[in-house]
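*Asks:* Below is the file coords.pdb, which contains PDB, C-alpha atoms and all ligand atoms.
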ATOM      1  CA  MET A 474       2.974  63.970-215.916  1.00  0.00           C
ATOM      2  CA  CYS A 475      -0.072  63.061-213.833  1.00  0.00           C
ATOM      3  CA  ARG A 476      -2.321  60.980-216.051  1.00  0.00           C
ATOM      4  CA  LEU A 477      -5.388  62.951-215.017  1.00  0.00           C
ATOM      5  CA  CYS A 478      -4.362  66.597-214.680  1.00  0.00           C
ATOM      6  CA  GLN A 479      -1.027  67.001-216.504  1.00  0.00           C
ATOM      7  CA  ILE A 480       0.973  68.294-213.539  1.00  0.00           C
ATOM      8  CA  ASN A 481       4.150  66.929-211.967  1.00  0.00           C
ATOM      9  CA  PRO A 482       3.663  63.435-210.520  1.00  0.00           C
ATOM     10  CA  VAL A 483       4.573  62.318-206.989  1.00  0.00           C
ATOM     11  CA  TYR A 484       4.134  58.603-207.628  1.00  0.00           C
ATOM     12  CA  GLU A 485       4.634  56.114-210.414  1.00  0.00           C
ATOM     13  CA  PHE A 486       3.034  52.671-210.388  1.00  0.00           C
ATOM     14  CA  THR A 487       4.916  49.683-211.803  1.00  0.00           C
ATOM     15  CA  ASN A 488       2.734  49.908-214.935  1.00  0.00           C
ATOM     16  CA  LYS A 489       4.170  53.454-215.423  1.00  0.00           C
ATOM     17  CA  ARG A 490       0.912  55.199-214.526  1.00  0.00           C
ATOM     18  CA  LYS A 491       1.760  58.436-212.703  1.00  0.00           C
ATOM     19  CA  LEU A 492      -0.260  60.559-210.287  1.00  0.00           C
ATOM     20  CA  CYS A 493       0.151  64.035-208.786  1.00  0.00           C
ATOM     21  CA  GLY A 494      -0.288  64.618-205.043  1.00  0.00           C
ATOM     22  CA  ARG A 495      -3.976  65.461-205.156  1.00  0.00           C
ATOM     23  CA  CYS A 496      -4.833  62.543-207.434  1.00  0.00           C
ATOM     24  CA  PHE A 497      -2.721  60.199-205.300  1.00  0.00           C
ATOM     25  CA  ILE A 498      -4.696  61.139-202.157  1.00  0.00           C
ATOM     26  CA  HIS A 499      -7.915  60.555-204.086  1.00  0.00           C
ATOM     27  CA  TYR A 500      -6.667  57.185-205.385  1.00  0.00           C
ATOM     28  CA  PHE A 501      -5.647  56.158-201.853  1.00  0.00           C
ATOM     29  CA  GLU A 502      -8.959  57.056-200.207  1.00  0.00           C
ATOM     30  CA  LYS A 503     -10.997  55.449-202.977  1.00  0.00           C
ATOM     31  CA  LYS A 504      -9.003  52.270-202.583  1.00  0.00           C
ATOM     32  CA  VAL A 505      -9.621  52.244-198.814  1.00  0.00           C
ATOM     33  CA  LEU A 506     -13.382  52.433-199.441  1.00  0.00           C
ATOM     34  CA  TYR A 507     -13.065  49.671-202.040  1.00  0.00           C
ATOM     35  CA  THR A 508     -11.182  47.494-199.519  1.00  0.00           C
ATOM     36  CA  LEU A 509     -13.897  48.013-196.899  1.00  0.00           C
ATOM     37  CA  ARG A 510     -16.648  47.051-199.338  1.00  0.00           C
ATOM     38  CA  LYS A 511     -14.846  44.200-201.040  1.00  0.00           C
ATOM     39  CA  PHE A 512     -13.964  42.381-197.803  1.00  0.00           C
ATOM     40  CA  SER A 513     -16.983  43.605-195.742  1.00  0.00           C
ATOM     41  CA  LEU A 514     -14.652  44.988-193.081  1.00  0.00           C
ATOM     42  CA  ILE A 515     -17.101  47.283-191.293  1.00  0.00           C
ATOM     43  CA  LYS A 516     -20.824  47.299-190.615  1.00  0.00           C
ATOM     44  CA  ARG A 517     -22.791  50.447-189.802  1.00  0.00           C
ATOM     45  CA  ASP A 518     -23.198  49.714-186.085  1.00  0.00           C
ATOM     46  CA  ASP A 519     -19.612  48.599-185.516  1.00  0.00           C
ATOM     47  CA  ILE A 520     -17.387  50.305-182.977  1.00  0.00           C
ATOM     48  CA  VAL A 521     -13.908  50.239-184.445  1.00  0.00           C
ATOM     49  CA  GLY A 522     -10.952  50.491-182.086  1.00  0.00           C
ATOM     50  CA  TYR A 523      -7.320  51.206-182.955  1.00  0.00           C
ATOM     51  CA  LYS A 524      -4.043  51.685-181.134  1.00  0.00           C
ATOM     52  CA  LYS A 525      -2.088  54.871-181.619  1.00  0.00           C
ATOM     53  CA  GLU A 526       1.639  54.572-182.201  1.00  0.00           C
ATOM     54  CA  ASN A 527       4.206  57.025-183.553  1.00  0.00           C
ATOM     55  CA  ASN A 528       5.048  55.395-186.865  1.00  0.00           C
ATOM     56  CA  PHE A 529       3.673  56.445-190.261  1.00  0.00           C
ATOM     57  CA  LYS A 530       1.418  53.424-190.710  1.00  0.00           C
ATOM     58  CA  SER A 531      -0.316  54.032-187.408  1.00  0.00           C
ATOM     59  CA  ALA A 532      -0.727  57.727-188.315  1.00  0.00           C
ATOM     60  CA  VAL A 533      -2.288  56.810-191.668  1.00  0.00           C
ATOM     61  CA  LEU A 534      -4.569  54.219-190.070  1.00  0.00           C
ATOM     62  CA  GLU A 535      -5.922  56.880-187.708  1.00  0.00           C
ATOM     63  CA  GLU A 536      -6.390  59.398-190.531  1.00  0.00           C
ATOM     64  CA  ILE A 537      -8.148  56.818-192.683  1.00  0.00           C
ATOM     65  CA  LEU A 538     -10.454  55.723-189.844  1.00  0.00           C
ATOM     66  CA  ARG A 539     -11.449  59.366-189.313  1.00  0.00           C
ATOM     67  CA  PHE A 540     -12.116  59.647-193.035  1.00  0.00           C
ATOM     68  CA  ILE A 541     -14.313  56.524-192.965  1.00  0.00           C
ATOM     69  CA  SER A 542     -16.101  57.732-189.862  1.00  0.00           C
ATOM     70  CA  GLU A 543     -16.943  61.066-191.525  1.00  0.00           C
ATOM     71  CA  LYS A 544     -18.154  59.290-194.634  1.00  0.00           C
ATOM     72  CA  SER A 545     -20.247  56.576-193.038  1.00  0.00           C
ATOM     73  CA  GLY A 546     -20.852  57.620-189.428  1.00  0.00           C
ATOM     74  CA  ILE A 547     -19.254  54.559-187.853  1.00  0.00           C
ATOM     75  CA  ASN A 548     -17.800  54.990-184.373  1.00  0.00           C
ATOM     76  CA  ILE A 549     -14.054  54.919-183.910  1.00  0.00           C
ATOM     77  CA  VAL A 550     -12.373  54.696-180.500  1.00  0.00           C
ATOM     78  CA  ARG A 551      -8.822  54.607-179.250  1.00  0.00           C
ATOM     79  CA  LEU A 552      -7.685  51.416-177.537  1.00  0.00           C
ATOM     80  CA  PRO A 553      -7.209  50.378-174.822  1.00  0.00           C
ATOM     81  CA  ASN A 554      -9.275  53.171-173.206  1.00  0.00           C
ATOM     82  CA  LYS A 555     -12.570  52.137-174.779  1.00  0.00           C
ATOM     83  CA  GLN A 556     -14.428  48.988-175.792  1.00  0.00           C
ATOM     84  CA  ALA A 557     -14.721  48.043-179.457  1.00  0.00           C
ATOM     85  CA  ASN A 558     -16.168  45.107-181.366  1.00  0.00           C
ATOM     86  CA  LYS A 559     -13.697  45.450-184.270  1.00  0.00           C
ATOM     87  CA  ILE A 560     -10.001  46.181-184.055  1.00  0.00           C
ATOM     88  CA  ALA A 561      -8.341  47.950-186.967  1.00  0.00           C
ATOM     89  CA  VAL A 562      -4.640  47.258-187.514  1.00  0.00           C
ATOM     90  CA  ASP A 563      -2.205  48.951-189.889  1.00  0.00           C
ATOM     91  CA  SER A 564      -1.038  45.838-191.729  1.00  0.00           C
ATOM     92  CA  SER A 565      -0.372  46.119-195.471  1.00  0.00           C
ATOM     93  CA  ILE A 566       0.950  44.178-198.463  1.00  0.00           C
ATOM     94  CA  ASP A 567       4.574  44.190-197.286  1.00  0.00           C
ATOM     95  CA  PRO A 568       4.198  42.495-193.880  1.00  0.00           C
ATOM     96  CA  GLU A 569       1.442  40.153-195.109  1.00  0.00           C
ATOM     97  CA  ALA A 570       3.484  38.949-198.115  1.00  0.00           C
ATOM     98  CA  GLU A 571       6.490  38.500-195.874  1.00  0.00           C
ATOM     99  CA  LYS A 572       4.513  36.457-193.350  1.00  0.00           C
ATOM    100  CA  VAL A 573       3.041  34.271-196.111  1.00  0.00           C
ATOM    101  CA  ILE A 574       6.492  33.470-197.510  1.00  0.00           C
ATOM    102  CA  LYS A 575       7.846  32.726-194.039  1.00  0.00           C
ATOM    103  CA  GLU A 576       4.983  30.405-193.263  1.00  0.00           C
ATOM    104  CA  LEU A 577       5.382  28.603-196.587  1.00  0.00           C
ATOM    105  CA  ILE A 578       9.120  28.187-196.037  1.00  0.00           C
ATOM    106  CA  ARG A 579       8.478  26.788-192.567  1.00  0.00           C
ATOM    107  CA  GLY A 580       5.773  24.484-193.949  1.00  0.00           C
ATOM    108  CA  ASN A 581       3.150  26.218-191.819  1.00  0.00           C
ATOM    109  CA  ALA A 582       0.541  26.716-194.527  1.00  0.00           C
ATOM    110  CA  VAL A 583      -2.333  26.067-192.081  1.00  0.00           C
ATOM    111  CA  ASN A 584      -1.713  29.533-190.679  1.00  0.00           C
ATOM    112  CA  LEU A 585      -2.191  31.392-193.962  1.00  0.00           C
ATOM    113  CA  LYS A 586      -5.741  32.491-193.151  1.00  0.00           C
ATOM    114  CA  LYS A 587      -4.270  34.843-190.553  1.00  0.00           C
ATOM    115  CA  ASN A 588      -2.953  36.849-193.487  1.00  0.00           C
ATOM    116  CA  LEU A 589      -6.356  37.691-194.969  1.00  0.00           C
ATOM    117  CA  PRO A 590      -7.901  41.214-194.663  1.00  0.00           C
ATOM    118  CA  VAL A 591     -10.234  40.044-191.862  1.00  0.00           C
ATOM    119  CA  GLU A 592      -9.318  37.716-189.047  1.00  0.00           C
ATOM    120  CA  GLY A 593     -12.097  37.453-186.474  1.00  0.00           C
ATOM    121  CA  LYS A 594     -12.422  40.888-184.853  1.00  0.00           C
ATOM    122  CA  ILE A 595      -9.290  42.163-186.551  1.00  0.00           C
ATOM    123  CA  ILE A 596      -9.654  44.204-189.751  1.00  0.00           C
ATOM    124  CA  LYS A 597      -6.962  45.577-192.058  1.00  0.00           C
ATOM    125  CA  PRO A 598      -8.150  48.668-193.996  1.00  0.00           C
ATOM    126  CA  LEU A 599      -4.636  49.208-195.470  1.00  0.00           C
ATOM    127  CA  TYR A 600      -4.411  45.617-196.711  1.00  0.00           C
ATOM    128  CA  LEU A 601      -4.092  46.466-200.426  1.00  0.00           C
ATOM    129  CA  PHE A 602      -1.357  49.099-200.093  1.00  0.00           C
ATOM    130  CA  LEU A 603       2.397  48.928-200.281  1.00  0.00           C
ATOM    131  CA  ASP A 604       4.261  50.546-197.398  1.00  0.00           C
ATOM    132  CA  GLU A 605       5.756  53.082-199.827  1.00  0.00           C
ATOM    133  CA  GLU A 606       2.234  54.189-200.789  1.00  0.00           C
ATOM    134  CA  ILE A 607       1.255  54.514-197.120  1.00  0.00           C
ATOM    135  CA  LEU A 608       4.361  56.574-196.389  1.00  0.00           C
ATOM    136  CA  LEU A 609       3.646  58.883-199.329  1.00  0.00           C
ATOM    137  CA  TYR A 610       0.047  59.392-198.152  1.00  0.00           C
ATOM    138  CA  ALA A 611       1.345  60.275-194.667  1.00  0.00           C
ATOM    139  CA  LYS A 612       3.701  62.857-196.169  1.00  0.00           C
ATOM    140  CA  LEU A 613       1.146  64.354-198.559  1.00  0.00           C
ATOM    141  CA  LYS A 614      -1.390  64.710-195.736  1.00  0.00           C
ATOM    142  CA  LYS A 615       1.362  66.174-193.507  1.00  0.00           C
ATOM    143  CA  LEU A 616       0.637  63.687-190.719  1.00  0.00           C
ATOM    144  CA  LYS A 617       2.858  63.625-187.653  1.00  0.00           C
ATOM    145  CA  PHE A 618       4.999  60.524-187.272  1.00  0.00           C
ATOM    146  CA  SER A 619       8.523  59.459-186.444  1.00  0.00           C
ATOM    147  CA  ILE A 620      10.687  57.339-188.721  1.00  0.00           C
ATOM    148  CA  GLU A 621      11.757  54.025-187.266  1.00  0.00           C
ATOM    149  CA  LYS A 622      14.650  52.120-188.663  1.00  0.00           C
ATOM    150  CA  GLU A 623      13.473  48.766-189.917  1.00  0.00           C
ATOM    151  CA  THR A 624      15.603  45.740-189.261  1.00  0.00           C
ATOM    152  CA  LYS A 625      15.017  42.961-191.751  1.00  0.00           C
ATOM    153  CA  ASP A 626      15.835  39.313-191.140  1.00  0.00           C
ATOM    154  CA  LYS A 627      17.145  36.900-193.782  1.00  0.00           C
ATOM    155  CA  ILE A 628      13.772  36.193-195.395  1.00  0.00           C
ATOM    156  CA  GLY A 629      12.837  39.868-195.314  1.00  0.00           C
ATOM    157  CA  ARG A 630      16.040  40.729-197.174  1.00  0.00           C
ATOM    158  CA  PHE A 631      15.408  37.908-199.649  1.00  0.00           C
ATOM    159  CA  ILE A 632      11.959  39.322-200.443  1.00  0.00           C
ATOM    160  CA  GLY A 633      13.425  42.816-200.797  1.00  0.00           C
ATOM    161  CA  GLU A 634      15.993  41.513-203.282  1.00  0.00           C
ATOM    162  CA  SER A 635      13.363  39.530-205.243  1.00  0.00           C
ATOM    163  CA  GLU A 636      11.261  42.636-205.518  1.00  0.00           C
ATOM    164  CA  LYS A 637      14.021  44.520-207.333  1.00  0.00           C
ATOM    165  CA  ASN A 638      13.728  42.024-210.196  1.00  0.00           C
ATOM    166  CA  HIS A 639       9.994  41.356-209.864  1.00  0.00           C
ATOM    167  CA  PRO A 640       8.431  44.633-208.684  1.00  0.00           C
ATOM    168  CA  GLU A 641       4.945  43.155-208.261  1.00  0.00           C
ATOM    169  CA  ILE A 642       5.958  40.075-206.286  1.00  0.00           C
ATOM    170  CA  LYS A 643       4.470  41.139-202.920  1.00  0.00           C
ATOM    171  CA  ARG A 644       1.206  42.219-204.475  1.00  0.00           C
ATOM    172  CA  ALA A 645       1.090  38.929-206.415  1.00  0.00           C
ATOM    173  CA  ILE A 646       1.545  36.913-203.217  1.00  0.00           C
ATOM    174  CA  VAL A 647      -1.304  38.722-201.443  1.00  0.00           C
ATOM    175  CA  ASN A 648      -3.547  38.397-204.523  1.00  0.00           C
ATOM    176  CA  SER A 649      -2.896  34.649-204.720  1.00  0.00           C
ATOM    177  CA  LEU A 650      -3.845  34.310-201.078  1.00  0.00           C
ATOM    178  CA  LEU A 651      -7.107  36.177-201.700  1.00  0.00           C
ATOM    179  CA  GLU A 652      -7.894  33.921-204.658  1.00  0.00           C
ATOM    180  CA  LEU A 653      -7.227  30.878-202.567  1.00  0.00           C
ATOM    181  CA  TYR A 654      -9.498  31.768-199.646  1.00  0.00           C
ATOM    182  CA  LEU A 655     -12.030  34.425-200.702  1.00  0.00           C
TER     183      LEU A 655
HETATM  184 ZN    ZN B   1      -3.394  64.801-210.872  1.00  0.00          ZN
END
In structure tokens, how does this file's structure come out?

*Replies:*
Amino acid sequence: MCRLCQINPVYEFTNKRKLCGRCFIHYFEKKVLYTLRKFSLIKRDDIVGYKKENNFKSAVLEEILRFISEKSGINIVRLPNKQANKIAVDSSIDPEAEKVIKELIRGNAVNLKKNLPVEGKIIKPLYLFLDEEILLYAKLKKLKFSIEKETKDKIGRFIGESEKNHPEIKRAIVNSLLELYL
């Protein structure tokens, strides 16, 4: 049952906490606002640009930027048609953790700062979410998107396998990175 309103859950966290659809949407949007504050992603006079693609992460990024814009009045524009001083991308825990592991395996640790929530003009409002959470949000909000088949390379498959035994491994990698640099 949903921890808050005792109806059927749509999501269960690894710590067994469960949420219904409405509470999940609320959790997701609150966490976006927390991410913006925590990493100072956006200032009031920023113009935030984003690219529109057909996949679910791009659809959620657009929805979330609209949500932020309504809340705080910041300007959002679609690239490449307009000029922006910040560029929002749809990156999340999964690709960031994967990139960190790849860079460590290749002995490229100098590049790790690229995997933080802000990198110059680039900001990552979905930084603290798993892809499965982003997909669920897209479905619950009935956003339009098309499913793309993901092809994983060797390291990607290795991480996927590790996660079956250690469900929090990707989140742990991203958290360690944040502790290291922020
Ligand atoms: Zn609920």

*Asks:* How would you write, as a PyMOL selection string, the residues chosen by the PyMOL selection byres (((chain A and resi 634-651) around 12) and not hetatm) on this structure?

*Replies:* chain A and resi 486-489+511-512+565-575+577+582+584-591+600-604+625+627-633+652-655

*Asks:* Quick one: which residues end up in the PyMOL selection byres (((chain A and resi 509) around 12) and not hetatm) for this structure, as a count of residues only?

*Replies:* 28

*Asks:* Counting all atoms listed in the file, name the residues that have an atom within 6 Å of an atom of ligand ZN 1 (chain B); the answer should be given as a ChimeraX atom specification.

*Replies:* /A:475,477-478,492-493,495-496

*Asks:* Which residues fall under the PyMOL selection byres (((chain A and resi 532) around 12) and not hetatm) in this file, as an NGL selection string?

*Replies:* :A and (523-531 or 533-539 or 562-563 or 599 or 607-612 or 614-620)

*Asks:* Identify which of the residues A:Gly522, A:Met474, A:Leu613, A:Lys622 lies closest to Pro553 (chain A), counting only C-alpha atoms when measuring atom-to-atom distances.

*Replies:* A:Gly522

*Asks:* Please report the interatomic distance between CA of Phe497 (chain A) and CA of Val483 (chain A) in Å with one decimal.

*Replies:*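 Going from CA of Phe497 (chain A) over to CA of Val483 (chain A), I get 7.8 Å.
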
*Asks:* Just to confirm, what's the straight-line distance from CA of Asn548 (chain A) to CA of Gly593 (chain A) in Å (one decimal)?

*Replies:*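 Between CA of Asn548 (chain A) and CA of Gly593 (chain A) the gap is 18.6 Å.
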
*Asks:* Please determine an axis-aligned box that encloses all atoms of region 541-560 of chain A listed in the file, with 3 Å added on each side, and express its centre and edge lengths in Å to one decimal as AutoDock Vina command-line options.

*Replies:*
--center_x -14.0 --center_y 53.1 --center_z -183.9 --size_x 19.6 --size_y 22.0 --size_z 27.4

*Asks:* When you draw a straight line from CA of Ile549 (chain A) to CA of Glu592 (chain A), how long is it in Å?

*Replies:* 18.6 Å
